Amino acid sequence: MTALKATGLVRNWIAGESCAAAGDPYFVKRSPIDGRELYRVSRSTADDVNAAVTAARQAQPHWAATPAVRRGAILHDIAMLLRARREEIARCVHLETGKSLKDALGETDAAVAQGLFMAGEGQRLYGRTTTSAAPNKYASTVREPMGVAGLIIAANTPIANVAWKVFPALICGNAAVLKAAEDTPLTAYLFAELTREAGLPAGVLNVVQGYGAEAGEPLVLHSDVAVLSFTGSTAVGRRIAELAGKRLAKVSLELGGKNPLVVCDDADLGQAVKWTLLSAFSNAGQRCAAASRIIVFDDVYTIFREKLLDAVARLRVGPNDDDDFGPVINERQLNNLLSAVQHAVQQGALVSAGGMRLPGSAHQAGYYLAPTVIEQVRVDDEISLNELFGPITCLYRARDFSDALAQANASPYGLTACIHTGNLHRALEFVHKVQAGVAVVNGGTYGSEPHMPFGGAKQSGNGSREPGTEALDIYSNIKDIYLNVDPARI
Ligand code: NAD
């Protein structure tokens, strides 16, 4: 923070020190709330990534040799310091994303919970003890660190995204290089600074700022990076898998979603509207798990639609605690959303609410999109197939349960899904047959718990799960150990 105050530049964090990118190039970070310049950010390239990977490689053996229980104790101290600094971190999340301080505090608390869960894994980190086909022989497995982990994250929930990657990578005994999201550089930097204060040895966590192509790709390509974990769009995930695949690096991909929320004719419509609003619009719809396809039974379509549009008209958009959601992350993303709506209209869609940038003195300088509801679209229209990542949702009619399920599954994505119904049989059939990594009954499409494995099917990922104990599989090598205790008798 001191470095930022002195220079107005958010820098890299390498080997426990703040440092600018080689040659001192930078880009400008703007406030999503009013477009003003907040600060400059180091624009790193392959040289900086190389320095960060070298620092990680040097620090990793000692960290790996530190007993896992002790590693957990240090991660626990980091989580506790994060909790003590929750106001400062949340203010930074608010500044960088424009979401309300209340939401930023909630996100910071979720990051603390993630840290505490993973710190406890230091006391478990289980392998397996199993049987052997031979007498006098013991068979077991242990987890070993991979080496250096390359972590690349999105900006939507910046401190939670940092926590989801860094804590599991470190508890497994890896050192890490985190490529921060270009829209939320300071959150990642402050976290790194805090880890030093909590006692994490220098070089175990390094942060590199910069753009994806310039700073992310060199990390993906670096031969000393043993495992890559990426949270971001499906298009970039595919590119990363391609590049990392050439050198057979292990890759975990947490990608996009186009998540369905089904409203049956026996649903509690008040609850269905409440959860649709939260799932579609909270965090300005910038959630991989946002509900962007609301599939409603014909019999209740008109009444649900009226209730929903009425509630949407009452949503408050702004950066304050009494607002329902804030701006989107940057002007480019706002323009992408506006073009997607325009394109859908050209293809015959009806914009029933929003569809425009919010005018007026409180909004016009920021990146605010009015909450947008779209109707009269088909399941195979572009707007139904592509993730938009903003406060936009589409309504679809379904004849009955099987039609609703078929529409829910008619997507290239398979991250989360939800059904609202009072019928146990429908609920169970839906959770078993919907093609998604997460299935919810009578709730929202978003939200996850630190001890539960989150991730998607189809184009929403490559099958890995973060967090939960399943995240440990990403960051460990499993080694088989056979002990022949009486070789003469085998
Ligand atoms: P993005 O894919 O554009 O960028 C994500 C990160 O990847 C950024 O740090 C970016 O700099 C980096 N990057 C971009 N190009 C790269 C390249 N060629 N090589 C290496 N790194 C590169 O995504 P975004 O717009 O910032 O974030 C939104 C996306 O993230 C949405 O698709 C959303 O669904 C997804 N997301 C998924 C999850 C999940 O858990 N499944 C969670 C949050 C967000």
# chains A, B, ... in the order shown; residues from 1 in each chain; ligands from 1

call {"tool": "residues_near_ligand", "arguments": {"ligand": "ligand 1", "cutoff": "6 Å", "atoms": "only C-alpha atoms and all ligand atoms", "output": "PyMOL selection string"}}
result
chain A and resi 152-155+180-182+211-213+216-217+231-234+236+240+254-257+287-288+455

call {"tool": "select_by_dssp", "arguments": {"residues": "region 164-341 of chain A", "states": "strand (DSSP E or B)", "output": "NGL selection string"}}
result
:A and (175-179 or 205-208 or 225-231 or 250-254 or 259-263 or 291-297 or 317 or 325)

call {"tool": "closest_residue", "arguments": {"among": "A:Val263, A:Asp324, A:Asp310, A:Gly285", "to": "Gly443 (chain A)", "atoms": "only C-alpha atoms"}}
result
A:Val263

call {"tool": "select_by_dssp", "arguments": {"residues": "region 125-200 of chain A", "states": "helix (DSSP H, G or I)", "output": "list of chain:residue names"}}
result
A:Pro158, A:Ile159, A:Ala160, A:Asn161, A:Val162, A:Ala163, A:Trp164, A:Lys165, A:Val166, A:Phe167, A:Pro168, A:Ala169, A:Leu170, A:Ile171, A:Pro185, A:Leu186, A:Thr187, A:Ala188, A:Tyr189, A:Leu190, A:Phe191, A:Ala192, A:Glu193, A:Leu194, A:Thr195, A:Arg196, A:Glu197

call {"tool": "residues_around", "arguments": {"residues": "region 3-10 of chain A", "least_positions_apart": "6", "cutoff": "8 Å", "atoms": "only C-alpha atoms", "output": "list in words"}}
result
Ser18, Tyr39, Arg40, Val41, Ser42, Pro185, Leu186 and Tyr189 of chain A

call {"tool": "atom_distance", "arguments": {"atom1": "CA of His222 (chain A)", "atom2": "CA of Pro453 (chain A)"}}
result
28.0 Å

call {"tool": "residues_around", "arguments": {"residues": "region 66-83 of chain A", "least_positions_apart": "5", "cutoff": "7 Å", "atoms": "only C-alpha atoms", "output": "mmCIF file with N, CA, C and O atoms, in the first residue's frame"}}
result
data_model
loop_
_atom_site.group_PDB
_atom_site.id
_atom_site.type_symbol
_atom_site.label_atom_id
_atom_site.label_comp_id
_atom_site.auth_asym_id
_atom_site.auth_seq_id
_atom_site.Cartn_x
_atom_site.Cartn_y
_atom_site.Cartn_z
ATOM 1 N N ASP A 109 -15.446 -12.065 3.706
ATOM 2 C CA ASP A 109 -15.707 -13.098 4.725
ATOM 3 C C ASP A 109 -15.684 -14.494 4.097
ATOM 4 O O ASP A 109 -15.229 -15.459 4.724
ATOM 5 N N VAL A 112 -12.165 -15.513 3.814
ATOM 6 C CA VAL A 112 -11.639 -15.946 5.116
ATOM 7 C C VAL A 112 -12.070 -17.393 5.378
ATOM 8 O O VAL A 112 -11.266 -18.235 5.779
ATOM 9 N N GLY A 115 -10.029 -19.737 3.495
ATOM 10 C CA GLY A 115 -8.689 -19.850 4.081
ATOM 11 C C GLY A 115 -8.700 -20.762 5.290
ATOM 12 O O GLY A 115 -7.810 -21.614 5.455
ATOM 13 N N LEU A 116 -9.704 -20.616 6.136
ATOM 14 C CA LEU A 116 -9.761 -21.430 7.357
ATOM 15 C C LEU A 116 -9.968 -22.901 7.007
ATOM 16 O O LEU A 116 -9.365 -23.790 7.606
ATOM 17 N N ALA A 119 -6.687 -24.188 5.604
ATOM 18 C CA ALA A 119 -5.672 -24.267 6.667
ATOM 19 C C ALA A 119 -5.857 -25.575 7.440
ATOM 20 O O ALA A 119 -4.887 -26.275 7.754
ATOM 21 N N GLY A 120 -7.113 -25.946 7.696
ATOM 22 C CA GLY A 120 -7.407 -27.188 8.421
ATOM 23 C C GLY A 120 -6.971 -28.421 7.645
ATOM 24 O O GLY A 120 -6.659 -29.464 8.232
ATOM 25 N N GLU A 121 -6.928 -28.307 6.326
ATOM 26 C CA GLU A 121 -6.486 -29.454 5.509
ATOM 27 C C GLU A 121 -5.038 -29.831 5.809
ATOM 28 O O GLU A 121 -4.608 -30.953 5.536
ATOM 29 N N GLY A 122 -4.282 -28.882 6.380
ATOM 30 C CA GLY A 122 -2.903 -29.190 6.787
ATOM 31 C C GLY A 122 -2.865 -30.293 7.839
ATOM 32 O O GLY A 122 -1.861 -30.984 7.984
ATOM 33 N N GLN A 123 -3.962 -30.432 8.582
ATOM 34 C CA GLN A 123 -4.013 -31.496 9.599
ATOM 35 C C GLN A 123 -4.605 -32.787 9.051
ATOM 36 O O GLN A 123 -4.766 -33.760 9.779
ATOM 37 N N ILE A 171 -1.451 -24.973 0.587
ATOM 38 C CA ILE A 171 -1.515 -26.015 1.621
ATOM 39 C C ILE A 171 -0.899 -27.315 1.107
ATOM 40 O O ILE A 171 -0.345 -28.104 1.875
ATOM 41 N N THR A 195 0.123 -11.548 3.284
ATOM 42 C CA THR A 195 0.683 -12.881 3.559
ATOM 43 C C THR A 195 2.092 -12.761 4.157
ATOM 44 O O THR A 195 2.481 -13.575 4.982
ATOM 45 N N ALA A 198 1.749 -12.063 7.744
ATOM 46 C CA ALA A 198 1.281 -13.236 8.503
ATOM 47 C C ALA A 198 2.361 -14.308 8.616
ATOM 48 O O ALA A 198 2.135 -15.326 9.252
ATOM 49 N N GLY A 199 3.506 -14.099 7.973
ATOM 50 C CA GLY A 199 4.614 -15.040 8.162
ATOM 51 C C GLY A 199 4.867 -15.987 7.006
ATOM 52 O O GLY A 199 5.652 -16.929 7.135
ATOM 53 N N LEU A 200 4.224 -15.759 5.863
ATOM 54 C CA LEU A 200 4.501 -16.634 4.707
ATOM 55 C C LEU A 200 5.906 -16.309 4.184
ATOM 56 O O LEU A 200 6.215 -15.139 3.929
#

call {"tool": "residues_around", "arguments": {"residues": "Tyr413 (chain A)", "least_positions_apart": "2", "cutoff": "8 Å", "atoms": "only C-alpha atoms", "output": "JSON, numbers by chain"}}
result
{"A": [256, 257, 258, 259, 411, 415, 436, 456, 457, 458, 459, 460]}

call {"tool": "atom_distance", "arguments": {"atom1": "CA of Leu38 (chain A)", "atom2": "CA of Gly16 (chain A)"}}
result
24.6 Å

call {"tool": "closest_residue", "arguments": {"among": "A:Leu253, A:Ala311, A:Ala471, A:Val379", "to": "Phe117 (chain A)", "atoms": "only C-alpha atoms"}}
result
A:Ala471

call {"tool": "residues_around", "arguments": {"residues": "Val207 (chain A)", "least_positions_apart": "4", "cutoff": "9 Å", "atoms": "only C-alpha atoms", "output": "PyMOL selection string"}}
result
chain A and resi 11-14+52+176-180+188-189+192

call {"tool": "residues_around", "arguments": {"residues": "region 331-335 of chain A", "least_positions_apart": "4", "cutoff": "9 Å", "atoms": "only C-alpha atoms", "output": "number ranges by chain"}}
result
A: 32, 35, 327, 339-340, 357, 366-369, 389-390

call {"tool": "write_last_selection", "arguments": {"atoms": "N, CA and C atoms", "output": "PDB file, in the first residue's frame"}}
result
ATOM      1  N   PRO A  32     -15.187   1.721 -12.007  1.00  0.00           N
ATOM      2  CA  PRO A  32     -16.453   1.385 -12.691  1.00  0.00           C
ATOM      3  C   PRO A  32     -17.601   2.300 -12.236  1.00  0.00           C
ATOM      4  N   GLY A  35     -15.838   6.144 -13.793  1.00  0.00           N
ATOM      5  CA  GLY A  35     -14.901   6.219 -14.920  1.00  0.00           C
ATOM      6  C   GLY A  35     -13.617   6.977 -14.640  1.00  0.00           C
ATOM      7  N   PRO A 327     -22.179  -1.312 -11.002  1.00  0.00           N
ATOM      8  CA  PRO A 327     -21.788  -1.245 -12.422  1.00  0.00           C
ATOM      9  C   PRO A 327     -21.140  -2.554 -12.881  1.00  0.00           C
ATOM     10  N   SER A 339     -24.215  -4.386 -27.239  1.00  0.00           N
ATOM     11  CA  SER A 339     -24.250  -4.934 -28.610  1.00  0.00           C
ATOM     12  C   SER A 339     -24.989  -6.264 -28.631  1.00  0.00           C
ATOM     13  N   ALA A 340     -24.816  -7.090 -27.570  1.00  0.00           N
ATOM     14  CA  ALA A 340     -25.497  -8.391 -27.553  1.00  0.00           C
ATOM     15  C   ALA A 340     -27.009  -8.187 -27.529  1.00  0.00           C
ATOM     16  N   ARG A 357     -27.886   1.660 -21.309  1.00  0.00           N
ATOM     17  CA  ARG A 357     -26.991   2.234 -20.306  1.00  0.00           C
ATOM     18  C   ARG A 357     -27.814   3.190 -19.458  1.00  0.00           C
ATOM     19  N   GLY A 366     -20.413   6.246 -15.083  1.00  0.00           N
ATOM     20  CA  GLY A 366     -19.998   4.884 -14.709  1.00  0.00           C
ATOM     21  C   GLY A 366     -20.466   3.868 -15.742  1.00  0.00           C
ATOM     22  N   TYR A 367     -20.237   2.585 -15.427  1.00  0.00           N
ATOM     23  CA  TYR A 367     -20.528   1.526 -16.401  1.00  0.00           C
ATOM     24  C   TYR A 367     -21.778   0.754 -15.966  1.00  0.00           C
ATOM     25  N   TYR A 368     -22.906   1.471 -15.984  1.00  0.00           N
ATOM     26  CA  TYR A 368     -24.144   0.901 -15.457  1.00  0.00           C
ATOM     27  C   TYR A 368     -25.093   0.473 -16.564  1.00  0.00           C
ATOM     28  N   LEU A 369     -25.501  -0.788 -16.511  1.00  0.00           N
ATOM     29  CA  LEU A 369     -26.538  -1.271 -17.426  1.00  0.00           C
ATOM     30  C   LEU A 369     -27.819  -1.455 -16.624  1.00  0.00           C
ATOM     31  N   PHE A 389     -22.425 -12.329 -19.127  1.00  0.00           N
ATOM     32  CA  PHE A 389     -21.721 -11.844 -17.943  1.00  0.00           C
ATOM     33  C   PHE A 389     -22.104 -10.408 -17.603  1.00  0.00           C
ATOM     34  N   GLY A 390     -23.407 -10.200 -17.444  1.00  0.00           N
ATOM     35  CA  GLY A 390     -23.929  -8.883 -17.066  1.00  0.00           C
ATOM     36  C   GLY A 390     -25.360  -9.042 -16.592  1.00  0.00           C
TER      37      GLY A 390
END

call {"tool": "atom_distance", "arguments": {"atom1": "CA of Leu315 (chain A)", "atom2": "CA of Gly98 (chain A)"}}
result
16.5 Å
